[in-house]
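Okay, structure first, notes after.
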Amino acid sequence: MNNIEIHLILNHIPILGVAFVSLYLLIATIFKNTFMQKVSLWILLGVALLTIAVYLSGLGAETPVKSLSNVSKVYLQLHEKVARISSMTIWAIGGITFLGLVFLRRKEQLFKYFVRGILAMTLLSTGLFILTGYLGGQITHSEIRSTLAEGLSTRSITLGVVAIMLVIVIAMIVPLVLHRSQFFEKVGNKTFDGSAVWQGQQQFGEHSSWGEDGATSLSPSRGRSLQQASANAPSFWSAASTPVSQSLSQPSAGASLPLLSDAPVASERQSPPAQFQKIALSQHAGNTPVWPNYRPQGFGSEMQGTESGMSGQLTFSSSQLRSGRQSSFEQGNPRVQEDRPLIEENTKPLPQAVLTSKRLKGRKRLLVALSLLGVVLLMGSLGFVVIHKLKPAPLPLQIIADIPLTGGANRFDYTYLDPHTRLLYLTHSASNTLIIFDTVSRKRIADIPGIPDVHAVAVAPDLGRVFATSATANQVVVIDAHTYAITARIPVGDSPDGLIYDQADHKVFVADEAGQTDAVIDALTEQRIAEIPLGGDAGDIEYDAVSHRIFAVVATLNQLVTIDPVTDKIIARSALPGCQGGQDLVLDEIQRLALVDCADNAALLLIDMPSMRVISTQSVGKNPDLMALDSGWHYLYVASESGVVSVFDEHGRTLKKVNEGYVAPGSHSVAADQETHYMYLPLQNVGGRPILRIALFHP
């Protein structure tokens, strides 16, 4: 099983997986099913991890795919760029999902907003992966290709994705900030030993009765003692549970504790209330709480004698409870004095320092969570910036004219400027049209349609013919140079690309890229007469009139081969150290120099032709493609798929970079006029239409 088959198997995982998660999460959100929501988020994490393997398999399949027949480089590169955007997006979503599952456990209100944000992100990711698969299917299937995809701008897609992700993340953070107290809430208020706090109101000086949690405000052991005591409580429970029929007056200082004289006498054994903590302290005038005439047996057996002589309820002033002064009841009962400090210890309010510390910890955790979300967002943004670098400064060009062209806003390929007729030939490959432009009158004089995926053009002025390659039809199309009518179609190998005309031998040499050969056509008979095996993918091909030799780049071998046009045989192979993926070739016949640009490592090689030795290596824009040499000004222009054009000074058999800058999206094709020194840049999409930009470079 090769890399292509592995990628074809794996590439459906993110497309179907993210779509399934989006649907599953949407259903779970509609029915408010938290369990389904969490399951879908864990599935999303798994899909994000598997996408790493899918992306790596795609990188491994790129090289063997290029060797297949009927492959479009345009869609291959576009598919690769959109796949990067889709992969980075799902990885960022996976990171945010993991943080949400960790930090929003048991935070149902905040988790609801988080799930909605992830749902929006997955819908965005689903659209990106569908687009990625759609472009991938068009790499080899020409029957489903559309001009709409050709006009896609990956830079616009990147900026749009980043903007949408930012909006969604901000929308997810806002509820987190507004409900930050809920984010760090764990359980209800607790004392240090885990008991419920009764003393909260006492902290603010209130005189509260024992509430529902009053009995448990003691330590757990004492709470159990109280519950056990309530089971064996004496008969005065009935007095405590009977409503008071009259109010008690405020006792004077030093007076004994008054009794409720009208409280009915209870039977010897009556069941206590259902819960001891339900006993309420009756509030009377003067804020005097009333304590039932009862002392649990855990407080000592000496209390029982006193209890039997009492009926009704005992009252304590609030000042006595707060100041700690002993009542007459306490003075006569040492056990009460012994146990009172223990009760007061368990009902102390939480120290202010502890409360402040908890608030500080909550704020720190909030900052940590927000920081982690910020890091994820920052890393995702940086990833997009690294993959799609911000465009450099514009190349300083004096724009002479922008000429509108026909066809869709899509890809151009090779250009050729005939020095004799001053006609410029533009191959509008995605529109299947060869455009002929008069550089003197600056008018378009002919559009020749019907050449599928036209790539390169060569002119035979002595024969009055024009030859053009059709990559998808595997043909070389012959055109009458006067009537611009197609006169013949010559079958040539697999994916013919560049070609050159040898006027001395009346032969056309065609770089058969996927077929890994250079095909030879007799220009007089318009018949293919030979195939020269290269041993690797064919790059550009040029004719040197000085040495009467054909030079061709072998991309996958990183070689420059020399061919004898008389015998149609390779007579030399020269290595190109420092070059990966040799692309275009330009010859300076006067200075005996050859220049090769390398697409895979964005390099430009200067080669001495007599010795075939590499003199220097320079850097150029990402994915360099086509070049043009102005021999009069000794300027070399290197156009790249990234939209960057690099300018070099080629004086004295040396190469020096003069400037480098951004021109337009996909400005990878260029021609130079040796008389006017104008640059001709066919641009596929400027304001939604293709144009021919005529410009002059100023160093």
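In the structure tokens, chains take letters A, B, ... by order of appearance, with residues numbered from 1 within each chain and ligands from 1 in the order shown.
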Long-range neighbours of range 560-568 of chain A as a ChimeraX atom specification, 9 Å cut-off, only C-alpha atoms, 2 positions minimum in chain:
/A:502,505,507,509,520,530-532,534,548-555,557-558,570-576,582,596,612
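Every protein, DNA or RNA residue with an atom at most 8 Å from Ser667 in chain A, where only C-alpha atoms count and chain neighbours fewer than 5 positions away do not, is listed here: Ala639, Ser640, Glu641, Ser642, Gly643, Val644, Val645, Leu681, Pro682, Leu683 and Gln684 of chain A.
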Let's have the selection written as a compact mmCIF listing (two decimals), in the first residue's frame, with all heavy atoms.
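The resulting file, again.txt, is reproduced below:
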```txt
# COMPACT_ATOMS: atom_id res chain seq x y z
N ALA A 639 9.24 35.04 -10.78
CA ALA A 639 7.86 35.13 -10.28
C ALA A 639 7.50 33.86 -9.52
O ALA A 639 7.86 32.75 -9.94
CB ALA A 639 6.89 35.36 -11.43
N SER A 640 6.79 34.02 -8.41
CA SER A 640 6.47 32.90 -7.53
C SER A 640 4.97 32.73 -7.37
O SER A 640 4.20 33.69 -7.51
CB SER A 640 7.12 33.10 -6.15
OG SER A 640 8.51 33.28 -6.27
N GLU A 641 4.59 31.50 -7.03
CA GLU A 641 3.17 31.21 -6.77
C GLU A 641 2.65 32.01 -5.58
O GLU A 641 1.45 32.27 -5.48
CB GLU A 641 3.00 29.71 -6.49
CG GLU A 641 3.37 28.79 -7.64
CD GLU A 641 2.28 28.68 -8.68
OE1 GLU A 641 1.25 29.35 -8.52
OE2 GLU A 641 2.47 27.92 -9.64
N SER A 642 3.53 32.38 -4.67
CA SER A 642 3.12 33.13 -3.49
C SER A 642 2.77 34.58 -3.80
O SER A 642 2.36 35.32 -2.90
CB SER A 642 4.23 33.08 -2.43
OG SER A 642 5.44 33.59 -2.96
N GLY A 643 2.95 35.00 -5.06
CA GLY A 643 2.66 36.38 -5.43
C GLY A 643 3.86 37.30 -5.31
O GLY A 643 3.74 38.51 -5.56
N VAL A 644 5.01 36.76 -4.94
CA VAL A 644 6.23 37.55 -4.77
C VAL A 644 7.06 37.48 -6.04
O VAL A 644 7.21 36.41 -6.65
CB VAL A 644 7.04 37.03 -3.57
CG1 VAL A 644 8.40 37.72 -3.49
CG2 VAL A 644 6.27 37.24 -2.27
N VAL A 645 7.60 38.61 -6.45
CA VAL A 645 8.52 38.68 -7.58
C VAL A 645 9.88 39.16 -7.07
O VAL A 645 9.96 40.20 -6.40
CB VAL A 645 8.00 39.62 -8.68
CG1 VAL A 645 9.04 39.78 -9.79
CG2 VAL A 645 6.69 39.10 -9.25
N LEU A 681 2.99 41.12 -16.71
CA LEU A 681 2.55 40.23 -15.64
C LEU A 681 1.07 39.89 -15.83
O LEU A 681 0.20 40.73 -15.55
CB LEU A 681 2.75 40.90 -14.27
CG LEU A 681 4.20 41.23 -13.89
CD1 LEU A 681 4.23 42.28 -12.80
CD2 LEU A 681 4.90 39.97 -13.43
N PRO A 682 0.75 38.70 -16.32
CA PRO A 682 -0.67 38.30 -16.37
C PRO A 682 -1.15 37.95 -14.96
O PRO A 682 -0.61 37.04 -14.31
CB PRO A 682 -0.66 37.07 -17.29
CG PRO A 682 0.73 36.54 -17.20
CD PRO A 682 1.64 37.69 -16.92
N LEU A 683 -2.15 38.66 -14.47
CA LEU A 683 -2.66 38.48 -13.11
C LEU A 683 -4.06 37.91 -13.19
O LEU A 683 -4.94 38.45 -13.88
CB LEU A 683 -2.65 39.82 -12.35
CG LEU A 683 -1.30 40.54 -12.32
CD1 LEU A 683 -1.43 41.87 -11.58
CD2 LEU A 683 -0.22 39.68 -11.70
N GLN A 684 -4.29 36.83 -12.45
CA GLN A 684 -5.53 36.07 -12.62
C GLN A 684 -6.74 36.72 -11.98
O GLN A 684 -7.87 36.51 -12.44
CB GLN A 684 -5.35 34.66 -12.08
CG GLN A 684 -5.07 34.59 -10.59
CD GLN A 684 -4.79 33.18 -10.13
OE1 GLN A 684 -4.20 32.39 -10.87
NE2 GLN A 684 -5.21 32.86 -8.92
```
Taking only C-alpha atoms into account, name the residue in A:Gln591, A:Thr427, A:Thr97, A:Thr51 that is nearest to Phe111 in chain A.
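Ranked by minimum distance to Phe111 in chain A, first place goes to A:Thr97.
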Shortest interatomic distance to Asp544 in chain A - which of A:Ile436, A:Ala519, A:Ala504, A:Ile615, counting only C-alpha atoms:
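Counting only C-alpha atoms, the residue closest to Asp544 in chain A is A:Ala504.
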Any idea what's packed within 10 Å of range 669-676 of chain A, counting only C-alpha atoms, ignoring anything in its chain fewer than 3 positions away? Could you give it as a PyMOL selection string?
chain A and resi 411-419+422+424-427+439+624-641+643+645+666+679-683+693-696
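The spacing separating CA of Gly621 in chain A from CA of His668 in chain A amounts to 10.0 Å.
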Nearest candidate to Arg442 in chain A (options A:Leu463, A:Leu423, A:Leu50, A:Ala120; using only C-alpha atoms):
A:Leu423
